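Trainee: Next comes the structure file structure_3.cif, holding mmCIF, C-alpha atoms and all ligand atoms.
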```cif
data_final
#
loop_
_atom_site.label_atom_id
_atom_site.label_comp_id
_atom_site.auth_asym_id
_atom_site.auth_seq_id
_atom_site.Cartn_x
_atom_site.Cartn_y
_atom_site.Cartn_z
CA MET A 1 -37.43 -197.48 83.73
CA THR A 2 -40.78 -197.12 85.47
CA THR A 3 -42.16 -193.69 84.84
CA HIS A 4 -44.44 -191.68 87.05
CA ASN A 5 -46.13 -188.38 86.40
CA LEU A 6 -46.56 -185.91 89.24
CA ALA A 7 -47.42 -188.60 91.75
CA GLY A 8 -46.74 -187.20 95.15
CA ILE A 9 -47.10 -183.63 96.31
CA LEU A 10 -46.80 -180.57 94.07
CA GLU A 11 -46.30 -177.17 95.65
CA VAL A 12 -46.04 -174.17 93.31
CA PHE A 13 -44.58 -170.84 94.45
CA ASP A 14 -44.43 -167.40 92.86
CA THR A 15 -40.64 -167.15 92.92
CA PRO A 16 -37.53 -169.32 93.29
CA GLN A 17 -36.92 -167.64 96.63
CA ALA A 18 -40.36 -168.64 97.91
CA ALA A 19 -39.88 -172.23 96.74
CA ALA A 20 -36.46 -172.39 98.39
CA ALA A 21 -37.77 -170.89 101.63
CA ALA A 22 -40.60 -173.42 101.77
CA ALA A 23 -38.19 -176.29 101.15
CA ALA A 24 -35.90 -174.95 103.87
CA ARG A 25 -38.77 -174.77 106.38
CA ALA A 26 -39.82 -178.30 105.46
CA PHE A 27 -36.22 -179.47 105.84
CA ALA A 28 -36.02 -177.98 109.34
CA GLN A 29 -39.33 -179.58 110.31
CA ALA A 30 -38.29 -182.97 108.91
CA ALA A 31 -34.98 -182.76 110.74
CA ARG A 32 -36.64 -181.94 114.07
CA GLU A 33 -39.13 -184.80 113.66
CA ALA A 34 -36.44 -187.33 112.69
CA VAL A 35 -34.18 -186.37 115.58
CA THR A 36 -37.07 -186.46 118.06
CA THR A 37 -38.28 -189.86 116.91
CA ARG A 38 -35.07 -191.60 115.76
CA GLY A 39 -32.25 -189.59 117.24
CA ALA A 40 -30.73 -188.51 113.92
CA PHE A 41 -31.56 -187.03 110.50
CA HIS A 42 -29.82 -188.59 107.52
CA VAL A 43 -30.22 -186.35 104.47
CA ALA A 44 -28.65 -186.39 101.00
CA LEU A 45 -28.15 -182.98 99.41
CA SER A 46 -28.51 -182.48 95.67
CA GLY A 47 -26.09 -180.72 93.40
CA GLY A 48 -26.35 -177.91 90.90
CA SER A 49 -27.17 -174.31 91.68
CA THR A 50 -30.84 -174.46 92.71
CA PRO A 51 -30.10 -175.59 96.29
CA LYS A 52 -28.03 -172.44 96.94
CA LEU A 53 -31.14 -170.41 97.78
CA MET A 54 -32.37 -173.13 100.11
CA TYR A 55 -28.98 -173.33 101.83
CA THR A 56 -29.08 -169.59 102.54
CA GLU A 57 -32.54 -169.90 104.08
CA LEU A 58 -31.56 -172.97 106.11
CA ARG A 59 -28.72 -171.18 107.92
CA HIS A 60 -31.24 -169.14 109.89
CA LEU A 61 -33.72 -171.87 110.85
CA GLU A 62 -33.90 -174.00 113.98
CA VAL A 63 -32.34 -177.32 112.97
CA PRO A 64 -30.78 -179.87 115.39
CA TRP A 65 -27.55 -179.77 113.37
CA LYS A 66 -25.55 -181.81 115.90
CA ALA A 67 -27.73 -184.81 115.03
CA VAL A 68 -27.80 -184.25 111.26
CA HIS A 69 -25.78 -186.50 108.94
CA ILE A 70 -25.10 -184.99 105.52
CA TYR A 71 -24.71 -187.08 102.37
CA PHE A 72 -24.78 -186.24 98.66
CA SER A 73 -27.01 -187.74 95.95
CA ASP A 74 -24.30 -187.29 93.36
CA GLU A 75 -20.99 -185.66 92.64
CA ARG A 76 -18.95 -184.53 89.73
CA THR A 77 -15.54 -186.15 89.16
CA VAL A 78 -13.66 -183.20 90.58
CA GLY A 79 -11.96 -182.43 93.87
CA PRO A 80 -13.70 -180.87 96.91
CA ASN A 81 -12.29 -177.39 96.27
CA ASP A 82 -13.48 -177.26 92.68
CA GLU A 83 -16.25 -174.75 91.94
CA GLN A 84 -18.04 -177.57 90.10
CA SER A 85 -18.11 -179.80 93.17
CA ASN A 86 -21.54 -180.32 94.74
CA TYR A 87 -19.77 -180.72 98.07
CA HIS A 88 -18.04 -177.36 97.56
CA THR A 89 -21.39 -175.71 96.80
CA ALA A 90 -22.90 -177.13 99.99
CA GLN A 91 -19.82 -176.29 102.04
CA VAL A 92 -19.76 -172.65 100.98
CA GLY A 93 -23.55 -172.22 101.06
CA LEU A 94 -24.41 -174.13 104.21
CA LEU A 95 -21.91 -176.41 105.92
CA ASP A 96 -19.44 -173.66 106.79
CA HIS A 97 -22.29 -171.83 108.55
CA VAL A 98 -23.95 -174.52 110.66
CA PRO A 99 -22.58 -176.81 113.41
CA VAL A 100 -22.84 -180.21 111.73
CA PRO A 101 -19.99 -182.28 113.20
CA GLN A 102 -17.35 -182.84 110.49
CA SER A 103 -17.55 -186.59 111.14
CA GLN A 104 -21.19 -186.43 110.06
CA ILE A 105 -20.49 -184.84 106.68
CA HIS A 106 -19.99 -187.62 104.16
CA ARG A 107 -18.43 -186.32 100.95
CA MET A 108 -18.44 -188.29 97.71
CA GLU A 109 -14.77 -188.38 96.72
CA GLY A 110 -14.98 -187.07 93.18
CA GLU A 111 -11.22 -186.88 92.88
CA ARG A 112 -10.87 -190.69 93.07
CA ASP A 113 -11.62 -193.44 90.58
CA PRO A 114 -15.43 -193.06 90.33
CA ALA A 115 -16.23 -196.76 90.50
CA GLN A 116 -14.13 -197.24 93.63
CA ALA A 117 -15.39 -194.05 95.20
CA ALA A 118 -18.98 -195.14 94.49
CA ALA A 119 -18.42 -198.55 96.10
CA ASP A 120 -16.84 -196.99 99.17
CA TYR A 121 -19.66 -194.46 99.45
CA ALA A 122 -22.34 -197.14 99.29
CA ALA A 123 -20.64 -198.84 102.25
CA LEU A 124 -20.96 -195.78 104.47
CA LEU A 125 -24.64 -195.10 103.83
CA PRO A 126 -27.19 -195.78 106.60
CA VAL A 127 -29.72 -198.55 106.08
CA GLN A 128 -32.23 -195.91 105.00
CA LEU A 129 -31.89 -192.20 104.33
CA ASP A 130 -34.59 -189.98 105.78
CA LEU A 131 -34.58 -187.57 102.86
CA VAL A 132 -33.03 -187.29 99.41
CA LEU A 133 -33.04 -183.77 98.02
CA LEU A 134 -32.92 -183.65 94.22
CA GLY A 135 -33.01 -181.19 91.38
CA MET A 136 -33.91 -181.60 87.72
CA GLY A 137 -31.82 -180.63 84.73
CA ASP A 138 -33.27 -179.01 81.63
CA ASP A 139 -33.06 -182.47 80.01
CA GLY A 140 -35.02 -184.14 82.78
CA HIS A 141 -32.03 -185.74 84.53
CA THR A 142 -31.86 -185.97 88.27
CA ALA A 143 -28.90 -186.70 90.51
CA SER A 144 -26.38 -187.76 87.85
CA LEU A 145 -28.82 -190.07 86.09
CA PHE A 146 -28.87 -188.54 82.62
CA PRO A 147 -31.00 -189.53 79.62
CA GLY A 148 -29.55 -192.43 77.65
CA THR A 149 -26.89 -193.33 80.22
CA ALA A 150 -26.24 -196.75 81.71
CA GLY A 151 -26.87 -195.35 85.17
CA LEU A 152 -30.61 -195.34 84.50
CA GLN A 153 -30.50 -199.11 84.91
CA GLY A 154 -27.83 -199.01 87.60
CA THR A 155 -28.05 -201.57 90.37
CA GLY A 156 -26.91 -201.33 93.95
CA ARG A 157 -26.90 -198.04 95.87
CA VAL A 158 -24.20 -195.82 94.34
CA ILE A 159 -22.64 -196.06 90.88
CA ALA A 160 -20.15 -194.47 88.55
CA ASN A 161 -22.08 -193.22 85.53
CA GLU A 162 -20.51 -192.23 82.21
CA VAL A 163 -22.21 -189.16 80.77
CA PRO A 164 -21.10 -188.95 77.10
CA GLN A 165 -23.19 -185.82 76.45
CA GLN A 166 -20.99 -184.03 78.96
CA GLN A 167 -17.77 -185.94 78.19
CA THR A 168 -17.50 -186.88 81.84
CA TRP A 169 -18.12 -189.45 84.53
CA ARG A 170 -20.26 -188.86 87.59
CA ILE A 171 -20.84 -190.60 90.93
CA SER A 172 -24.54 -191.01 91.62
CA PHE A 173 -27.21 -192.65 93.71
CA THR A 174 -29.20 -195.22 91.77
CA PHE A 175 -32.94 -194.93 91.53
CA ALA A 176 -33.12 -197.88 93.94
CA GLU A 177 -31.28 -195.81 96.55
CA ILE A 178 -33.32 -192.69 95.85
CA ASN A 179 -36.61 -194.55 96.08
CA ALA A 180 -35.59 -196.43 99.23
CA ALA A 181 -35.41 -193.20 101.24
CA ARG A 182 -38.27 -192.20 103.51
CA GLU A 183 -38.84 -189.08 101.40
CA ARG A 184 -37.76 -187.57 98.08
CA TRP A 185 -38.01 -183.89 97.38
CA LEU A 186 -37.47 -182.21 94.03
CA LEU A 187 -36.66 -178.49 94.08
CA VAL A 188 -37.13 -177.24 90.51
CA THR A 189 -37.15 -173.57 89.54
CA GLY A 190 -36.66 -171.44 86.43
CA ALA A 191 -38.19 -171.21 82.96
CA SER A 192 -35.53 -173.49 81.50
CA LYS A 193 -37.16 -176.41 83.30
CA ALA A 194 -40.65 -175.68 81.94
CA PRO A 195 -40.52 -177.59 78.61
CA VAL A 196 -39.78 -180.86 80.41
CA PHE A 197 -41.77 -180.13 83.56
CA GLN A 198 -44.93 -179.34 81.60
CA GLN A 199 -44.71 -182.70 79.82
CA ILE A 200 -44.25 -184.51 83.11
CA ALA A 201 -47.17 -182.63 84.66
CA GLN A 202 -49.33 -183.92 81.80
CA GLY A 203 -48.13 -187.47 82.32
CA GLN A 204 -46.09 -187.39 79.14
CA GLY A 205 -42.45 -187.97 78.31
CA HIS A 206 -39.91 -190.50 79.51
CA TYR A 207 -37.40 -188.53 81.51
CA PRO A 208 -35.10 -189.89 84.22
CA VAL A 209 -36.72 -187.70 86.89
CA GLN A 210 -40.01 -189.57 86.30
CA SER A 211 -38.44 -192.62 87.93
CA VAL A 212 -38.35 -190.81 91.27
CA GLU A 213 -41.26 -192.29 93.17
CA THR A 214 -43.81 -190.15 95.02
CA PRO A 215 -41.69 -187.00 95.07
CA HIS A 216 -42.60 -183.82 96.91
CA TRP A 217 -42.14 -181.13 94.26
CA PHE A 218 -41.22 -177.60 95.26
CA VAL A 219 -41.44 -175.60 92.05
CA ASP A 220 -41.83 -171.97 91.04
CA LYS A 221 -44.30 -170.62 88.50
CA ALA A 222 -41.57 -170.14 85.91
CA ALA A 223 -40.81 -173.86 85.94
CA LEU A 224 -44.51 -174.61 85.56
CA GLU A 225 -45.50 -171.94 83.06
CA GLY A 226 -42.27 -171.01 81.29
C1 LIG B 1 -25.70 -182.04 89.46
C2 LIG B 1 -27.02 -182.24 90.14
C3 LIG B 1 -28.10 -182.25 89.11
C4 LIG B 1 -28.87 -180.97 89.34
C5 LIG B 1 -29.62 -180.58 88.09
C6 LIG B 1 -30.24 -179.20 88.25
O1 LIG B 1 -24.70 -182.53 89.97
O2 LIG B 1 -25.70 -181.32 88.45
O3 LIG B 1 -27.10 -183.17 91.05
O4 LIG B 1 -28.96 -183.34 89.14
O5 LIG B 1 -29.77 -181.14 90.43
O6 LIG B 1 -28.68 -180.55 87.03
O7 LIG B 1 -29.19 -178.28 88.37
P1 LIG B 1 -29.49 -176.71 88.65
O8 LIG B 1 -30.05 -176.65 90.02
O9 LIG B 1 -28.13 -176.07 88.53
O10 LIG B 1 -30.47 -176.29 87.59
#
```
Turn the structure described in the file into structure tokens.
Ligand code: 6PG
Mentor:
Amino acid sequence: MTTHNLAGILEVFDTPQAAAAAAARAFAQAAREAVTTRGAFHVALSGGSTPKLMYTELRHLEVPWKAVHIYFSDERTVGPNDEQSNYHTAQVGLLDHVPVPQSQIHRMEGERDPAQAAADYAALLPVQLDLVLLGMGDDGHTASLFPGTAGLQGTGRVIANEVPQQQTWRISFTFAEINAARERWLLVTGASKAPVFQQIAQGQGHYPVQSVETPHWFVDKAALEG
């Protein structure tokens, strides 16, 4: 597992709202540029709760939604209507409010056998994603690549990853897939992230998130200072 410290861009904001708003503006800009130059914007959304603020901001920005293709960096092994589903979070927070064609929303099928669902998902991915949006757990995981799990060494593009510390399986991008995208953004907010984030900022630790190459970090002061 190659580790990196804060290689890439680090932007620090006073509040989670400011970090989310900046990420939303950058998303809109990246989408406009991709559609202008390549005719489409292929973006993978992250899971968890942090993106909710960004989704709310995004609804009101100028984004060429008709040319946006939505993917997911990971998914829990639950159905699409489950509160725990990353798809459900994105649907409620964003996708129900913007005109992305349904055929361009590519859900990871968490209700299926995870290995089969992962293989089928890999087959529908574009050659290269324009952007992978990620978060970071308090333990330094990203996507569903948790400390000590086999997925850290996963090969291919999308895998099923057993997460014993949560007594569950997940479907997740591999680091190869994450690092093959044109860009990788990490939106990290809240004091609970500070113990790990501070180590990473000092080039210390061996956390899964440190295998994300040249990320653009959008963080708030609480995540940086505790
Ligand atoms: C997931 C996410 C995961 C998330 C982090 C941070 O499915 O849980 O993909 O990697 O980004 O756990 O989650 P919060 O934003 O809820 O802190």
Trainee: Report, in Å with one decimal, the straight-line distance from atom CA of Asp14 of chain A to atom CA of Ser144 of chain A.
Mentor: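 Computing it gives 27.7 Å between the two atoms.
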Trainee: For each of A:Ala143, A:Leu10, A:Ala115, A:Leu53, take the minimum atom-to-atom distance to ligand LIG 1 (chain B), counting only C-alpha atoms and all ligand atoms, then give the residue where this is smallest.
Mentor: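 Closest to ligand LIG 1 (chain B), using only C-alpha atoms and all ligand atoms: A:Ala143.
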Trainee: Please provide the set of residues having any atom within 9 Å of Ile171 of chain A, restricted to all atoms listed in the file, with same-chain residues fewer than 6 positions apart removed, written as a list of chain:residue names.
Mentor: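 So, after excluding close chain neighbours, the residues are A:Ser73, A:Asp74, A:Glu75, A:Arg76, A:Thr77, A:Met108, A:Glu109, A:Gly110, A:Pro114, A:Ala115, A:Ala117, A:Ala118, A:Ala143, A:Ser144, A:Val158, A:Ile159, A:Ala160, A:Asn161, A:Glu162.
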Trainee: If you take every atom of ligand LIG 1 (chain B) that the file lists and fit an axis-aligned box around them with 4 Å extra on each side, what centre and edge lengths come out in Å to one decimal, as AutoDock Vina command-line options?
Mentor:
```
--center_x -27.6 --center_y -179.7 --center_z 89.0 --size_x 13.8 --size_y 15.3 --size_z 12.0
```
Trainee: Let me have all residues with an atom within 8 Å of ligand LIG 1 (chain B), counting all atoms listed in the file, laid out as an mmCIF file with C-alpha atoms, in the frame of the given file.
Mentor:
```cif
data_model
loop_
_atom_site.group_PDB
_atom_site.id
_atom_site.type_symbol
_atom_site.label_atom_id
_atom_site.label_comp_id
_atom_site.auth_asym_id
_atom_site.auth_seq_id
_atom_site.Cartn_x
_atom_site.Cartn_y
_atom_site.Cartn_z
ATOM 1 C CA SER A 46 -28.510 -182.480 95.670
ATOM 2 C CA GLY A 47 -26.090 -180.720 93.400
ATOM 3 C CA GLY A 48 -26.350 -177.910 90.900
ATOM 4 C CA SER A 49 -27.170 -174.310 91.680
ATOM 5 C CA THR A 50 -30.840 -174.460 92.710
ATOM 6 C CA PRO A 51 -30.100 -175.590 96.290
ATOM 7 C CA SER A 73 -27.010 -187.740 95.950
ATOM 8 C CA ASP A 74 -24.300 -187.290 93.360
ATOM 9 C CA GLU A 75 -20.990 -185.660 92.640
ATOM 10 C CA ARG A 76 -18.950 -184.530 89.730
ATOM 11 C CA SER A 85 -18.110 -179.800 93.170
ATOM 12 C CA ASN A 86 -21.540 -180.320 94.740
ATOM 13 C CA LEU A 134 -32.920 -183.650 94.220
ATOM 14 C CA GLY A 135 -33.010 -181.190 91.380
ATOM 15 C CA MET A 136 -33.910 -181.600 87.720
ATOM 16 C CA GLY A 137 -31.820 -180.630 84.730
ATOM 17 C CA ASP A 138 -33.270 -179.010 81.630
ATOM 18 C CA HIS A 141 -32.030 -185.740 84.530
ATOM 19 C CA THR A 142 -31.860 -185.970 88.270
ATOM 20 C CA ALA A 143 -28.900 -186.700 90.510
ATOM 21 C CA SER A 144 -26.380 -187.760 87.850
ATOM 22 C CA LEU A 145 -28.820 -190.070 86.090
ATOM 23 C CA LEU A 187 -36.660 -178.490 94.080
ATOM 24 C CA VAL A 188 -37.130 -177.240 90.510
ATOM 25 C CA THR A 189 -37.150 -173.570 89.540
ATOM 26 C CA GLY A 190 -36.660 -171.440 86.430
ATOM 27 C CA LYS A 193 -37.160 -176.410 83.300
#
```
Trainee: Rank A:Leu131, A:Asp139, A:Ala150, A:Thr155 by their smallest atom-to-atom distance to Pro195 of chain A, using only C-alpha atoms, and report the top residue only.
Mentor: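 The shortest atom-to-atom distance to Pro195 of chain A comes from A:Asp139.
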Trainee: Quick check, in Å to one decimal: how far apart do atom CA of Thr36 of chain A and atom CA of His69 of chain A lie?
Mentor: 14.5 Å
Trainee: Looking at A:Pro215, A:Gly8, A:Pro208, A:Pro16, which one is nearest to Leu152 of chain A, with distances taken over all atoms listed in the file?
Mentor: A:Pro208
Trainee: Just give me the gap between atom CA of Arg184 of chain A and atom CA of Thr214 of chain A in Å, one decimal is fine.
Mentor: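 Atom CA of Thr214 of chain A lies at a distance of 7.3 Å from atom CA of Arg184 of chain A.
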Trainee: Applying 8 Å and only C-alpha atoms, which residues near Thr56 of chain A remain after dropping the ones on its own chain fewer than 4 positions away? List them as number ranges by chain.
Mentor: A: 52, 60, 93-94
Trainee: Using all atoms listed in the file, pick whichever of A:Ala90, A:Val78, A:Val209, A:Ala191 has the shortest atom-to-atom distance to Trp169 of chain A.
Mentor: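 Ranked by minimum distance to Trp169 of chain A, first place goes to A:Val78.
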Trainee: Mind dumping segment 24-39 of chain A from that block, keeping N, CA and C atoms, as an mmCIF file, in the first residue's frame?
Mentor:
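Output (part.cif):
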```cif
data_model
loop_
_atom_site.group_PDB
_atom_site.id
_atom_site.type_symbol
_atom_site.label_atom_id
_atom_site.label_comp_id
_atom_site.auth_asym_id
_atom_site.auth_seq_id
_atom_site.Cartn_x
_atom_site.Cartn_y
_atom_site.Cartn_z
ATOM 1 N N ALA A 24 -18.957 22.033 -4.018
ATOM 2 C CA ALA A 24 -20.076 22.083 -4.966
ATOM 3 C C ALA A 24 -19.749 23.012 -6.141
ATOM 4 N N ARG A 25 -19.163 24.160 -5.842
ATOM 5 C CA ARG A 25 -18.787 25.095 -6.919
ATOM 6 C C ARG A 25 -17.738 24.462 -7.831
ATOM 7 N N ALA A 26 -16.794 23.771 -7.222
ATOM 8 C CA ALA A 26 -15.742 23.107 -8.017
ATOM 9 C C ALA A 26 -16.338 21.989 -8.859
ATOM 10 N N PHE A 27 -17.317 21.288 -8.304
ATOM 11 C CA PHE A 27 -18.006 20.222 -9.046
ATOM 12 C C PHE A 27 -18.679 20.814 -10.281
ATOM 13 N N ALA A 28 -19.395 21.917 -10.085
ATOM 14 C CA ALA A 28 -20.112 22.546 -11.207
ATOM 15 C C ALA A 28 -19.128 23.001 -12.283
ATOM 16 N N GLN A 29 -18.028 23.568 -11.855
ATOM 17 C CA GLN A 29 -17.004 24.025 -12.804
ATOM 18 C C GLN A 29 -16.393 22.837 -13.553
ATOM 19 N N ALA A 30 -16.081 21.784 -12.830
ATOM 20 C CA ALA A 30 -15.490 20.593 -13.464
ATOM 21 C C ALA A 30 -16.469 19.968 -14.447
ATOM 22 N N ALA A 31 -17.732 19.975 -14.085
ATOM 23 C CA ALA A 31 -18.753 19.402 -14.976
ATOM 24 C C ALA A 31 -18.859 20.226 -16.257
ATOM 25 N N ARG A 32 -18.904 21.533 -16.115
ATOM 26 C CA ARG A 32 -19.010 22.400 -17.305
ATOM 27 C C ARG A 32 -17.810 22.206 -18.219
ATOM 28 N N GLU A 33 -16.622 22.134 -17.624
ATOM 29 C CA GLU A 33 -15.396 21.969 -18.431
ATOM 30 C C GLU A 33 -15.385 20.610 -19.143
ATOM 31 N N ALA A 34 -15.765 19.572 -18.431
ATOM 32 C CA ALA A 34 -15.762 18.221 -19.031
ATOM 33 C C ALA A 34 -16.759 18.139 -20.179
ATOM 34 N N VAL A 35 -17.947 18.699 -19.968
ATOM 35 C CA VAL A 35 -18.978 18.628 -21.012
ATOM 36 C C VAL A 35 -18.578 19.470 -22.215
ATOM 37 N N THR A 36 -17.969 20.610 -21.969
ATOM 38 C CA THR A 36 -17.513 21.464 -23.078
ATOM 39 C C THR A 36 -16.423 20.789 -23.894
ATOM 40 N N THR A 37 -15.491 20.137 -23.195
ATOM 41 C CA THR A 37 -14.338 19.563 -23.913
ATOM 42 C C THR A 37 -14.555 18.113 -24.358
ATOM 43 N N ARG A 38 -15.357 17.344 -23.600
ATOM 44 C CA ARG A 38 -15.485 15.910 -23.938
ATOM 45 C C ARG A 38 -16.925 15.461 -24.114
ATOM 46 N N GLY A 39 -17.848 16.372 -23.911
ATOM 47 C CA GLY A 39 -19.245 16.039 -24.181
ATOM 48 C C GLY A 39 -19.982 15.339 -23.067
#
```
